[in-house]
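**Q** File name model02.pdb; file contents PDB, C-alpha atoms; full text below.
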```pdb
MODEL        1
ATOM      1  CA  GLY A   1      11.014   9.854  50.933
ATOM      2  CA  ALA A   2       9.175  12.102  48.539
ATOM      3  CA  HIS A   3       5.972  11.519  50.482
ATOM      4  CA  ASP A   4       7.432  13.107  53.642
ATOM      5  CA  GLY A   5       8.398  16.210  51.683
ATOM      6  CA  ASP A   6       4.808  16.579  50.507
ATOM      7  CA  ASP A   7       3.605  16.369  54.062
ATOM      8  CA  GLU A   8       6.020  19.062  55.221
ATOM      9  CA  ASP A   9       4.937  21.405  52.429
ATOM     10  CA  SER A  10       1.278  21.021  53.130
ATOM     11  CA  SER A  11       1.698  21.531  56.884
ATOM     12  CA  SER A  12       3.792  24.699  56.495
ATOM     13  CA  ASP A  13       1.188  25.881  54.024
ATOM     14  CA  ASN A  14      -1.488  25.256  56.643
ATOM     15  CA  LEU A  15       0.423  27.227  59.253
ATOM     16  CA  LYS A  16       0.742  30.169  56.923
ATOM     17  CA  ARG A  17      -2.971  30.049  56.125
ATOM     18  CA  ARG A  18      -4.474  29.782  59.583
ATOM     19  CA  TYR A  19      -6.174  33.164  59.611
ATOM     20  CA  PRO A  20      -9.080  34.410  61.749
ATOM     21  CA  LEU A  21     -10.962  34.848  58.451
ATOM     22  CA  GLU A  22     -11.678  31.810  56.323
ATOM     23  CA  LEU A  23     -10.006  32.274  52.945
ATOM     24  CA  PRO A  24     -10.554  32.342  50.040
ATOM     25  CA  LEU A  25     -13.803  34.297  50.205
ATOM     26  CA  THR A  26     -16.746  32.884  48.286
ATOM     27  CA  GLU A  27     -18.161  35.219  45.666
ATOM     28  CA  GLY A  28     -21.729  36.359  46.249
ATOM     29  CA  THR A  29     -21.636  35.821  50.036
ATOM     30  CA  PRO A  30     -22.287  38.729  52.442
ATOM     31  CA  GLU A  31     -18.623  38.441  53.589
ATOM     32  CA  HIS A  32     -17.334  38.849  50.039
ATOM     33  CA  THR A  33     -19.689  41.757  49.312
ATOM     34  CA  VAL A  34     -18.843  43.641  52.519
ATOM     35  CA  LEU A  35     -15.078  43.234  52.252
ATOM     36  CA  LEU A  36     -14.798  43.992  48.538
ATOM     37  CA  ALA A  37     -17.203  46.930  48.421
ATOM     38  CA  SER A  38     -15.594  50.357  48.128
ATOM     39  CA  GLU A  39     -15.735  52.434  51.309
ATOM     40  CA  ASP A  40     -18.440  54.669  49.808
ATOM     41  CA  THR A  41     -20.562  51.717  48.702
ATOM     42  CA  PHE A  42     -20.200  50.160  52.138
ATOM     43  CA  ARG A  43     -21.325  53.388  53.831
ATOM     44  CA  ASN A  44     -24.368  53.538  51.573
ATOM     45  CA  MET A  45     -25.219  49.906  52.329
ATOM     46  CA  ILE A  46     -25.020  50.567  56.065
ATOM     47  CA  ASP A  47     -26.675  53.992  56.069
ATOM     48  CA  SER A  48     -29.601  52.789  53.972
ATOM     49  CA  SER A  49     -29.959  49.980  56.460
ATOM     50  CA  SER A  50     -31.953  52.136  58.819
ATOM     51  CA  SER A  51     -34.656  51.007  56.402
ATOM     52  CA  SER A  52     -35.638  47.340  56.547
ATOM     53  CA  SER A  53     -34.235  46.747  53.069
ATOM     54  CA  GLY A  54     -30.713  47.676  54.164
ATOM     55  CA  MET A  55     -27.824  45.295  54.623
ATOM     56  CA  CYS A  56     -27.821  44.937  58.409
ATOM     57  CA  PRO A  57     -30.566  47.092  59.938
ATOM     58  CA  SER A  58     -30.588  45.705  63.493
ATOM     59  CA  TRP A  59     -27.913  46.357  66.110
ATOM     60  CA  THR A  60     -27.276  42.598  66.379
ATOM     61  CA  GLU A  61     -26.712  42.262  62.626
ATOM     62  CA  LYS A  62     -24.324  45.209  62.699
ATOM     63  CA  LYS A  63     -22.474  43.507  65.555
ATOM     64  CA  THR A  64     -22.095  40.320  63.455
ATOM     65  CA  CYS A  65     -20.846  42.386  60.510
ATOM     66  CA  GLN A  66     -18.431  44.213  62.830
ATOM     67  CA  GLN A  67     -17.020  40.855  63.974
ATOM     68  CA  LEU A  68     -16.431  39.929  60.332
ATOM     69  CA  LEU A  69     -14.530  43.193  59.778
ATOM     70  CA  GLN A  70     -12.543  42.587  62.971
ATOM     71  CA  ASN A  71     -11.569  39.100  61.744
ATOM     72  CA  ALA A  72     -10.506  40.641  58.433
ATOM     73  CA  LEU A  73      -8.392  43.232  60.294
ATOM     74  CA  ASP A  74      -6.736  40.503  62.394
ATOM     75  CA  THR A  75      -6.050  38.544  59.188
ATOM     76  CA  LEU A  76      -4.492  41.576  57.474
ATOM     77  CA  LEU A  77      -2.362  42.188  60.576
ATOM     78  CA  ILE A  78      -0.882  38.683  60.265
ATOM     79  CA  MET A  79      -0.309  39.253  56.540
ATOM     80  CA  ASP A  80       1.379  42.608  57.227
ATOM     81  CA  GLY A  81       3.664  40.824  59.674
ATOM     82  CA  LEU A  82       4.593  38.199  57.078
ATOM     83  CA  LEU A  83       5.276  40.880  54.450
ATOM     84  CA  LEU A  84       7.429  42.915  56.858
ATOM     85  CA  ARG A  85       9.550  39.848  57.502
ATOM     86  CA  GLY A  86       9.969  39.424  53.757
ATOM     87  CA  THR A  87       7.737  36.321  53.603
ATOM     88  CA  PRO A  88       5.744  36.413  50.363
ATOM     89  CA  LEU A  89       2.011  35.667  50.617
ATOM     90  CA  SER A  90       0.506  32.829  48.609
ATOM     91  CA  ASP A  91      -1.251  33.983  45.415
ATOM     92  CA  PRO A  92      -4.810  33.690  46.819
ATOM     93  CA  ASP A  93      -3.771  35.498  50.029
ATOM     94  CA  GLN A  94      -2.088  38.306  48.080
ATOM     95  CA  GLU A  95      -5.207  38.550  45.919
ATOM     96  CA  PHE A  96      -7.372  38.931  49.049
ATOM     97  CA  TYR A  97      -4.981  41.550  50.462
ATOM     98  CA  ASP A  98      -5.134  43.662  47.298
ATOM     99  CA  ALA A  99      -8.870  43.177  46.739
ATOM    100  CA  VAL A 100      -9.896  44.483  50.179
ATOM    101  CA  GLY A 101      -7.570  47.476  49.967
ATOM    102  CA  GLY A 102      -5.331  46.493  52.887
ATOM    103  CA  THR A 103      -5.804  47.490  56.528
ATOM    104  CA  PRO A 104      -6.821  51.192  56.082
ATOM    105  CA  ALA A 105      -9.901  50.409  53.959
ATOM    106  CA  VAL A 106     -11.178  47.706  56.310
ATOM    107  CA  GLN A 107     -10.422  49.844  59.397
ATOM    108  CA  SER A 108     -12.449  52.705  57.918
ATOM    109  CA  LYS A 109     -15.472  50.390  57.382
ATOM    110  CA  HIS A 110     -15.104  49.021  60.912
ATOM    111  CA  ASP A 111     -15.040  52.533  62.439
ATOM    112  CA  HIS A 112     -18.042  53.694  60.407
ATOM    113  CA  LEU A 113     -20.058  50.668  61.512
ATOM    114  CA  LYS A 114     -19.113  51.260  65.157
ATOM    115  CA  ARG A 115     -20.379  54.865  64.936
ATOM    116  CA  CYS A 116     -23.653  53.660  63.396
ATOM    117  CA  MET A 117     -24.104  51.165  66.236
ATOM    118  CA  GLN A 118     -23.578  53.905  68.831
ATOM    119  CA  THR A 119     -26.137  56.128  67.093
ATOM    120  CA  GLN A 120     -28.608  53.263  67.018
ATOM    121  CA  VAL A 121     -28.275  52.788  70.785
ATOM    122  CA  GLU A 122     -28.637  56.547  71.400
ATOM    123  CA  GLU A 123     -31.794  56.666  69.255
ATOM    124  CA  GLY A 124     -33.269  53.691  71.112
ATOM    125  CA  LYS A 125     -33.668  51.528  68.015
ATOM    126  CA  LEU A 126     -33.278  48.305  69.990
ATOM    127  CA  THR A 127     -35.363  45.154  70.246
ATOM    128  CA  PRO A 128     -36.251  43.862  73.742
ATOM    129  CA  SER A 129     -33.458  41.250  73.733
ATOM    130  CA  GLU A 130     -30.871  43.764  72.444
ATOM    131  CA  ARG A 131     -31.864  46.362  75.047
ATOM    132  CA  GLN A 132     -31.721  43.800  77.860
ATOM    133  CA  LYS A 133     -28.316  42.518  76.738
ATOM    134  CA  LEU A 134     -26.800  46.001  76.366
ATOM    135  CA  LEU A 135     -28.200  47.258  79.686
ATOM    136  CA  LYS A 136     -26.688  44.216  81.416
ATOM    137  CA  GLN A 137     -23.322  44.894  79.730
ATOM    138  CA  VAL A 138     -23.263  48.565  80.656
ATOM    139  CA  SER A 139     -24.269  47.930  84.267
ATOM    140  CA  GLU A 140     -21.475  45.320  84.582
ATOM    141  CA  ARG A 141     -19.044  47.836  83.097
ATOM    142  CA  ILE A 142     -20.132  50.516  85.597
ATOM    143  CA  ASP A 143     -19.597  48.086  88.504
ATOM    144  CA  HIS A 144     -16.169  47.149  87.158
ATOM    145  CA  LEU A 145     -15.112  50.812  86.660
ATOM    146  CA  ASN A 146     -16.350  51.708  90.158
ATOM    147  CA  ASP A 147     -14.172  48.956  91.656
ATOM    148  CA  GLU A 148     -11.161  50.117  89.641
ATOM    149  CA  LEU A 149     -11.769  53.743  90.614
ATOM    150  CA  GLN A 150     -11.920  52.872  94.336
ATOM    151  CA  ALA A 151      -8.656  50.934  93.989
ATOM    152  CA  ALA A 152      -6.954  53.814  92.123
ATOM    153  CA  LEU A 153      -8.099  56.359  94.741
ATOM    154  CA  SER A 154      -6.927  54.187  97.637
ATOM    155  CA  GLN A 155      -3.484  54.001  95.970
ATOM    156  CA  SER A 156      -3.483  57.791  95.305
ATOM    157  CA  ARG A 157      -3.114  57.216  91.557
ATOM    158  CA  GLU A 158      -4.590  60.548  90.469
ATOM    159  CA  LYS A 159      -4.038  60.219  86.719
ATOM    160  CA  LYS A 160      -5.590  56.761  86.545
ATOM    161  CA  ALA A 161      -8.514  57.892  88.724
ATOM    162  CA  HIS A 162      -9.141  60.820  86.356
ATOM    163  CA  VAL A 163      -9.280  58.531  83.294
ATOM    164  CA  LEU A 164     -11.581  56.098  85.113
ATOM    165  CA  LYS A 165     -13.947  58.912  86.145
ATOM    166  CA  LEU A 166     -14.284  59.962  82.513
ATOM    167  CA  GLN A 167     -14.949  56.374  81.444
ATOM    168  CA  LEU A 168     -17.510  56.018  84.210
ATOM    169  CA  GLU A 169     -19.335  59.185  83.114
ATOM    170  CA  LYS A 170     -19.419  57.904  79.538
ATOM    171  CA  ALA A 171     -20.835  54.531  80.653
ATOM    172  CA  LYS A 172     -23.491  56.202  82.815
ATOM    173  CA  THR A 173     -24.509  58.486  79.937
ATOM    174  CA  ARG A 174     -24.873  55.411  77.741
ATOM    175  CA  GLN A 175     -26.970  53.696  80.422
ATOM    176  CA  SER A 176     -29.331  56.696  80.798
ATOM    177  CA  ALA A 177     -29.668  56.973  77.011
ATOM    178  CA  MET A 178     -30.760  53.334  76.835
ATOM    179  CA  GLU A 179     -33.109  53.590  79.812
ATOM    180  CA  ALA A 180     -34.761  56.665  78.284
ATOM    181  CA  HIS A 181     -36.068  54.613  75.349
ATOM    182  CA  PRO A 182     -38.416  51.652  75.703
ATOM    183  CA  ALA A 183     -37.584  48.550  73.661
ATOM    184  CA  ARG A 184     -39.391  48.243  70.343
ATOM    185  CA  SER A 185     -40.863  45.286  68.523
ATOM    186  CA  PRO A 186     -38.442  43.774  65.977
ATOM    187  CA  LEU A 187     -41.265  43.851  63.427
ATOM    188  CA  GLU A 188     -42.020  47.541  64.029
ATOM    189  CA  LEU A 189     -38.319  48.399  63.609
ATOM    190  CA  TYR A 190     -37.662  45.990  60.737
ATOM    191  CA  PRO A 191     -40.727  44.822  58.808
ATOM    192  CA  LEU A 192     -40.096  41.784  56.603
ATOM    193  CA  LYS A 193     -38.523  42.933  53.358
ATOM    194  CA  TYR A 194     -41.224  41.264  51.238
ATOM    195  CA  GLN A 195     -44.075  41.892  53.665
ATOM    196  CA  SER A 196     -46.433  43.314  50.998
ATOM    197  CA  LYS A 197     -45.997  40.302  48.691
ATOM    198  CA  ILE A 198     -46.573  37.954  51.646
ATOM    199  CA  GLN A 199     -49.745  39.867  52.670
ATOM    200  CA  LEU A 200     -51.233  39.526  49.177
ATOM    201  CA  LEU A 201     -50.575  35.788  49.112
ATOM    202  CA  ARG A 202     -52.072  35.348  52.584
ATOM    203  CA  LYS A 203     -55.203  37.165  51.411
ATOM    204  CA  LYS A 204     -55.412  34.772  48.466
ATOM    205  CA  LEU A 205     -55.264  31.869  50.915
ATOM    206  CA  GLN A 206     -58.130  33.015  53.126
ATOM    207  CA  PRO A 207     -61.098  32.050  50.897
ATOM    208  CA  LEU A 208     -59.379  28.724  50.147
ATOM    209  CA  LYS A 209     -59.028  27.987  53.864
ATOM    210  CA  LYS A 210     -62.727  28.727  54.333
ATOM    211  CA  LEU A 211     -63.525  26.410  51.446
ATOM    212  CA  GLU A 212     -61.374  23.694  52.991
ATOM    213  CA  GLN A 213     -63.263  24.049  56.297
ATOM    214  CA  SER A 214     -66.674  23.927  54.632
ATOM    215  CA  ALA A 215     -65.687  20.954  52.452
ATOM    216  CA  LYS A 216     -64.997  18.614  55.372
ATOM    217  CA  GLY A 217     -67.062  15.448  55.098
ATOM    218  CA  ARG A 218     -68.555  16.106  51.658
ATOM    219  CA  LEU A 219     -67.587  15.444  48.077
ATOM    220  CA  LEU A 220     -65.833  18.323  46.308
ATOM    221  CA  THR A 221     -66.719  19.608  42.882
ATOM    222  CA  VAL A 222     -64.007  19.500  40.213
ATOM    223  CA  LYS A 223     -63.628  23.282  40.500
ATOM    224  CA  GLU A 224     -63.231  23.129  44.281
ATOM    225  CA  THR A 225     -60.631  20.362  44.016
ATOM    226  CA  ARG A 226     -58.656  22.466  41.559
ATOM    227  CA  GLU A 227     -58.853  25.548  43.777
ATOM    228  CA  LEU A 228     -57.735  23.638  46.875
ATOM    229  CA  SER A 229     -54.797  22.098  45.051
ATOM    230  CA  ALA A 230     -53.383  25.625  44.642
ATOM    231  CA  MET A 231     -53.187  26.041  48.428
ATOM    232  CA  ASP A 232     -49.916  24.145  48.834
ATOM    233  CA  GLU A 233     -48.275  26.199  46.101
ATOM    234  CA  ILE A 234     -49.369  29.478  47.667
ATOM    235  CA  GLU A 235     -48.159  28.353  51.104
ATOM    236  CA  GLU A 236     -44.802  27.337  49.644
ATOM    237  CA  GLU A 237     -44.555  30.711  47.893
ATOM    238  CA  ILE A 238     -45.224  32.490  51.197
ATOM    239  CA  ARG A 239     -42.458  30.486  52.891
ATOM    240  CA  GLU A 240     -40.126  31.347  50.003
ATOM    241  CA  TRP A 241     -40.760  35.115  50.353
ATOM    242  CA  GLU A 242     -40.317  34.791  54.122
ATOM    243  CA  ARG A 243     -36.942  33.092  53.595
ATOM    244  CA  LYS A 244     -35.894  35.824  51.156
ATOM    245  CA  SER A 245     -36.721  38.434  53.811
ATOM    246  CA  ARG A 246     -33.943  37.220  56.095
ATOM    247  CA  GLY A 247     -31.195  39.779  56.700
ATOM    248  CA  TRP A 248     -27.647  39.195  55.443
ATOM    249  CA  PHE A 249     -26.281  38.866  58.967
ATOM    250  CA  GLU A 250     -29.489  37.901  60.740
ATOM    251  CA  GLY A 251     -29.311  34.932  63.116
ATOM    252  CA  GLU A 252     -31.820  32.086  62.893
ATOM    253  CA  GLU A 253     -33.482  33.033  66.185
ATOM    254  CA  GLU A 254     -33.915  36.751  65.366
ATOM    255  CA  PHE A 255     -35.296  35.881  61.958
ATOM    256  CA  GLU A 256     -37.768  33.302  63.337
ATOM    257  CA  THR A 257     -39.001  35.909  65.840
ATOM    258  CA  ARG A 258     -39.788  38.411  63.074
ATOM    259  CA  VAL A 259     -41.531  35.798  60.925
ATOM    260  CA  LYS A 260     -43.692  34.618  63.854
ATOM    261  CA  LEU A 261     -44.626  38.202  64.743
ATOM    262  CA  ALA A 262     -45.559  38.933  61.120
ATOM    263  CA  ARG A 263     -47.751  35.807  60.964
ATOM    264  CA  ALA A 264     -49.446  36.650  64.267
ATOM    265  CA  LYS A 265     -50.044  40.243  63.169
ATOM    266  CA  PHE A 266     -51.749  39.094  59.979
ATOM    267  CA  ALA A 267     -53.832  36.513  61.850
ATOM    268  CA  SER A 268     -55.067  39.062  64.388
ATOM    269  CA  SER A 269     -55.805  41.738  61.773
ATOM    270  CA  SER A 270     -57.704  39.284  59.574
ATOM    271  CA  SER A 271     -59.691  37.847  62.482
ATOM    272  CA  SER A 272     -60.650  41.328  63.681
ATOM    273  CA  SER A 273     -61.758  42.336  60.157
ATOM    274  CA  ASN A 274     -63.764  39.102  59.921
ATOM    275  CA  LYS A 275     -65.595  40.005  63.106
ATOM    276  CA  GLY A 276     -66.424  43.404  61.731
ATOM    277  CA  GLY A 277     -63.710  45.229  63.608
ATOM    278  CA  LYS A 278     -64.267  43.531  66.981
ATOM    279  CA  SER A 279     -61.131  41.928  68.319
TER
ENDMDL
END
```
The structure in this file should be written as structure tokens.
**A**
Amino acid sequence: GAHDGDDEDSSSDNLKRRYPLELPLTEGTPEHTVLLASEDTFRNMIDSSSSSSGMCPSWTEKKTCQQLLQNALDTLLIMDGLLLRGTPLSDPDQEFYDAVGGTPAVQSKHDHLKRCMQTQVEEGKLTPSERQKLLKQVSERIDHLNDELQAALSQSREKKAHVLKLQLEKAKTRQSAMEAHPARSPLELYPLKYQSKIQLLRKKLQPLKKLEQSAKGRLLTVKETRELSAMDEIEEEIREWERKSRGWFEGEEEFETRVKLARAKFASSSSSSNKGGKS
């Protein structure tokens, strides 16, 4: 009956819409901003991200953003295929297609990001976990290319051997570039965006914490009670500024690491200043 027809429509609709990228995009999300930005704006967002206030300063964040662009490219490829076969896109899909500027615009962003990631590796701007991961990848690639090269030589496939030798040289150059630079602390590379605001609030907390310690086991004055009641608010405000310091494409684990390092750094600097410079 009519009900079956509805089912058929909705399932064919679902087939048409199963893209690598989840559509429609939600306004105000990093995905929406990245894909709808003009190529120039995107370049500025990425290039300014060598500073900690940029869009995706770390190599890992750039990698996440690159995956988003790759998913968008794969989605556009499917759409191009539908259009070539004369299948019209649904209105929201057509709107997405036009808004992102089709494949060339997204490809250009993807290529720019890839170049930035290569530069970042060459300059040694990597955290310990990034450096470890990339060194492991490149050493596995070198092993793999060596095996392929041996096989090509044993089969007298000169052309293939030549290409593999070039790839091997490139991989070894990449490996030496990475080994030449020590890993750097995530906090040194990318301080928290609102670090100065957080520092000020932490300084405000210090006398209150001392007061709290000294007040144990005695009655508080009205003034002291009022002062201590502000502690929770200040602590909540600190957490809020920490949350706002998270990068657009920063994973939970990377972000937690930076926050913990920032807290530890403040604790050690304040304890050393309390002891008159002795650590």
**Q** Find the residues around Ala99 (chain A) up to 10 Å (only C-alpha atoms counted), leave out those fewer than 2 positions away in its own chain, and share them as a ChimeraX atom specification.
**A** /A:35-38,93-97,101-102
**Q** Could you tell me which residues the PyMOL selection byres ((chain A and resi 24) around 8) returns for this structure, as a list in words?
**A** Glu22, Leu23, Leu25, Thr26, Pro92, Asp93 and Phe96 of chain A
**Q** Let me know the residues the PyMOL selection byres ((chain A and resi 230) around 12) catches in the file above, as a PDB file with C-alpha atoms, in the coordinates of the input.
**A**
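File written: part-v5.pdb
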```pdb
ATOM      1  CA  LEU A 201     -50.575  35.788  49.112  1.00  0.00           C
ATOM      2  CA  LYS A 204     -55.412  34.772  48.466  1.00  0.00           C
ATOM      3  CA  LEU A 205     -55.264  31.869  50.915  1.00  0.00           C
ATOM      4  CA  PRO A 207     -61.098  32.050  50.897  1.00  0.00           C
ATOM      5  CA  LEU A 208     -59.379  28.724  50.147  1.00  0.00           C
ATOM      6  CA  LYS A 209     -59.028  27.987  53.864  1.00  0.00           C
ATOM      7  CA  GLU A 212     -61.374  23.694  52.991  1.00  0.00           C
ATOM      8  CA  LYS A 223     -63.628  23.282  40.500  1.00  0.00           C
ATOM      9  CA  GLU A 224     -63.231  23.129  44.281  1.00  0.00           C
ATOM     10  CA  THR A 225     -60.631  20.362  44.016  1.00  0.00           C
ATOM     11  CA  ARG A 226     -58.656  22.466  41.559  1.00  0.00           C
ATOM     12  CA  GLU A 227     -58.853  25.548  43.777  1.00  0.00           C
ATOM     13  CA  LEU A 228     -57.735  23.638  46.875  1.00  0.00           C
ATOM     14  CA  SER A 229     -54.797  22.098  45.051  1.00  0.00           C
ATOM     15  CA  MET A 231     -53.187  26.041  48.428  1.00  0.00           C
ATOM     16  CA  ASP A 232     -49.916  24.145  48.834  1.00  0.00           C
ATOM     17  CA  GLU A 233     -48.275  26.199  46.101  1.00  0.00           C
ATOM     18  CA  ILE A 234     -49.369  29.478  47.667  1.00  0.00           C
ATOM     19  CA  GLU A 235     -48.159  28.353  51.104  1.00  0.00           C
ATOM     20  CA  GLU A 236     -44.802  27.337  49.644  1.00  0.00           C
ATOM     21  CA  GLU A 237     -44.555  30.711  47.893  1.00  0.00           C
TER      22      GLU A 237
END
```
**Q** Ranking A:Ser90, A:Ser58, A:Gln199, A:Ser273 by minimum distance to Arg184 (chain A) and counting all atoms listed in the file, which one comes first?
**A**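 That would be A:Ser58, the residue with the smallest distance to Arg184 (chain A).
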**Q** Please evaluate the PyMOL selection byres ((chain A and resi 245-260) around 9) against the structure above and give the resulting residues as a CSV table (one decimal) with C-alpha atoms, in the coordinates of the input.
**A**
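Contents of part-v7.csv, as written:
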```csv
chain,number,residue,atom,x,y,z
A,29,THR,CA,-21.6,35.8,50.0
A,30,PRO,CA,-22.3,38.7,52.4
A,52,SER,CA,-35.6,47.3,56.5
A,53,SER,CA,-34.2,46.7,53.1
A,54,GLY,CA,-30.7,47.7,54.2
A,55,MET,CA,-27.8,45.3,54.6
A,56,CYS,CA,-27.8,44.9,58.4
A,57,PRO,CA,-30.6,47.1,59.9
A,58,SER,CA,-30.6,45.7,63.5
A,60,THR,CA,-27.3,42.6,66.4
A,61,GLU,CA,-26.7,42.3,62.6
A,62,LYS,CA,-24.3,45.2,62.7
A,63,LYS,CA,-22.5,43.5,65.6
A,64,THR,CA,-22.1,40.3,63.5
A,65,CYS,CA,-20.8,42.4,60.5
A,185,SER,CA,-40.9,45.3,68.5
A,186,PRO,CA,-38.4,43.8,66.0
A,187,LEU,CA,-41.3,43.9,63.4
A,190,TYR,CA,-37.7,46.0,60.7
A,191,PRO,CA,-40.7,44.8,58.8
A,192,LEU,CA,-40.1,41.8,56.6
A,193,LYS,CA,-38.5,42.9,53.4
A,194,TYR,CA,-41.2,41.3,51.2
A,195,GLN,CA,-44.1,41.9,53.7
A,240,GLU,CA,-40.1,31.3,50.0
A,241,TRP,CA,-40.8,35.1,50.4
A,242,GLU,CA,-40.3,34.8,54.1
A,243,ARG,CA,-36.9,33.1,53.6
A,244,LYS,CA,-35.9,35.8,51.2
A,261,LEU,CA,-44.6,38.2,64.7
A,262,ALA,CA,-45.6,38.9,61.1
A,263,ARG,CA,-47.8,35.8,61.0
A,264,ALA,CA,-49.4,36.6,64.3
A,265,LYS,CA,-50.0,40.2,63.2
```
**Q** Report, in Å to a single decimal, how far apart CA of Val138 (chain A) and CA of His110 (chain A) are.
**A** 21.4 Å
**Q** Please write out, as lines of an AutoDock Vina configuration file, where the centre of an axis-aligned box around all listed atoms of region 58-68 of chain A lies and how long its edges are, in Å to one decimal, after adding 8 Å on each side.
**A**
```
center_x = -23.5
center_y = 43.1
center_z = 63.4
size_x = 30.2
size_y = 22.4
size_z = 22.0
```
**Q** Interatomic distance between CA of Leu135 (chain A) and CA of Cys116 (chain A)?
**A**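 CA of Cys116 (chain A) lies at a distance of 18.1 Å from CA of Leu135 (chain A).
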**Q** Return region 236-242 of chain A, completed with all heavy atoms, as a tab-separated table (two decimals), in the coordinates of the input.
**A**
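Wrote it out as result00.tsv, contents follow:
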```
chain	number	residue	atom	x	y	z
A	236	GLU	N	-46.24	27.48	49.92
A	236	GLU	CA	-44.80	27.34	49.64
A	236	GLU	C	-44.22	28.68	49.19
A	236	GLU	O	-43.13	29.07	49.58
A	236	GLU	CB	-44.57	26.25	48.57
A	236	GLU	CG	-43.11	25.95	48.27
A	236	GLU	CD	-42.22	25.83	49.52
A	236	GLU	OE1	-42.52	25.04	50.43
A	236	GLU	OE2	-41.20	26.56	49.58
A	237	GLU	N	-45.01	29.40	48.39
A	237	GLU	CA	-44.56	30.71	47.89
A	237	GLU	C	-44.39	31.69	49.05
A	237	GLU	O	-43.43	32.47	49.11
A	237	GLU	CB	-45.57	31.25	46.87
A	237	GLU	CG	-44.93	32.16	45.85
A	237	GLU	CD	-45.93	32.74	44.85
A	237	GLU	OE1	-46.92	32.05	44.53
A	237	GLU	OE2	-45.71	33.88	44.41
A	238	ILE	N	-45.32	31.63	50.01
A	238	ILE	CA	-45.22	32.49	51.20
A	238	ILE	C	-43.93	32.18	51.95
A	238	ILE	O	-43.17	33.09	52.31
A	238	ILE	CB	-46.45	32.29	52.13
A	238	ILE	CG1	-47.70	32.90	51.48
A	238	ILE	CG2	-46.20	32.92	53.51
A	238	ILE	CD1	-49.00	32.62	52.22
A	239	ARG	N	-43.68	30.87	52.17
A	239	ARG	CA	-42.46	30.49	52.89
A	239	ARG	C	-41.21	30.97	52.16
A	239	ARG	O	-40.24	31.40	52.77
A	239	ARG	CB	-42.41	28.96	53.09
A	239	ARG	CG	-43.31	28.50	54.23
A	239	ARG	CD	-43.02	27.06	54.63
A	239	ARG	NE	-43.40	26.11	53.59
A	239	ARG	CZ	-44.62	25.59	53.46
A	239	ARG	NH1	-45.58	25.95	54.31
A	239	ARG	NH2	-44.89	24.73	52.51
A	240	GLU	N	-41.26	30.91	50.83
A	240	GLU	CA	-40.13	31.35	50.00
A	240	GLU	C	-39.86	32.85	50.19
A	240	GLU	O	-38.72	33.27	50.40
A	240	GLU	CB	-40.44	31.03	48.53
A	240	GLU	CG	-39.26	31.17	47.57
A	240	GLU	CD	-38.01	30.42	48.01
A	240	GLU	OE1	-38.11	29.27	48.51
A	240	GLU	OE2	-36.93	31.00	47.85
A	241	TRP	N	-40.92	33.66	50.16
A	241	TRP	CA	-40.76	35.12	50.35
A	241	TRP	C	-40.32	35.42	51.78
A	241	TRP	O	-39.59	36.37	52.02
A	241	TRP	CB	-42.05	35.87	50.01
A	241	TRP	CG	-42.30	35.95	48.54
A	241	TRP	CD1	-43.33	35.40	47.84
A	241	TRP	CD2	-41.48	36.62	47.55
A	241	TRP	NE1	-43.22	35.67	46.50
A	241	TRP	CE2	-42.08	36.42	46.29
A	241	TRP	CE3	-40.29	37.35	47.62
A	241	TRP	CZ2	-41.55	36.93	45.10
A	241	TRP	CZ3	-39.76	37.86	46.44
A	241	TRP	CH2	-40.38	37.66	45.20
A	242	GLU	N	-40.78	34.60	52.74
A	242	GLU	CA	-40.32	34.79	54.12
A	242	GLU	C	-38.82	34.53	54.19
A	242	GLU	O	-38.07	35.33	54.75
A	242	GLU	CB	-41.07	33.83	55.07
A	242	GLU	CG	-42.48	34.28	55.39
A	242	GLU	CD	-43.25	33.27	56.25
A	242	GLU	OE1	-42.84	32.10	56.33
A	242	GLU	OE2	-44.28	33.69	56.83
```
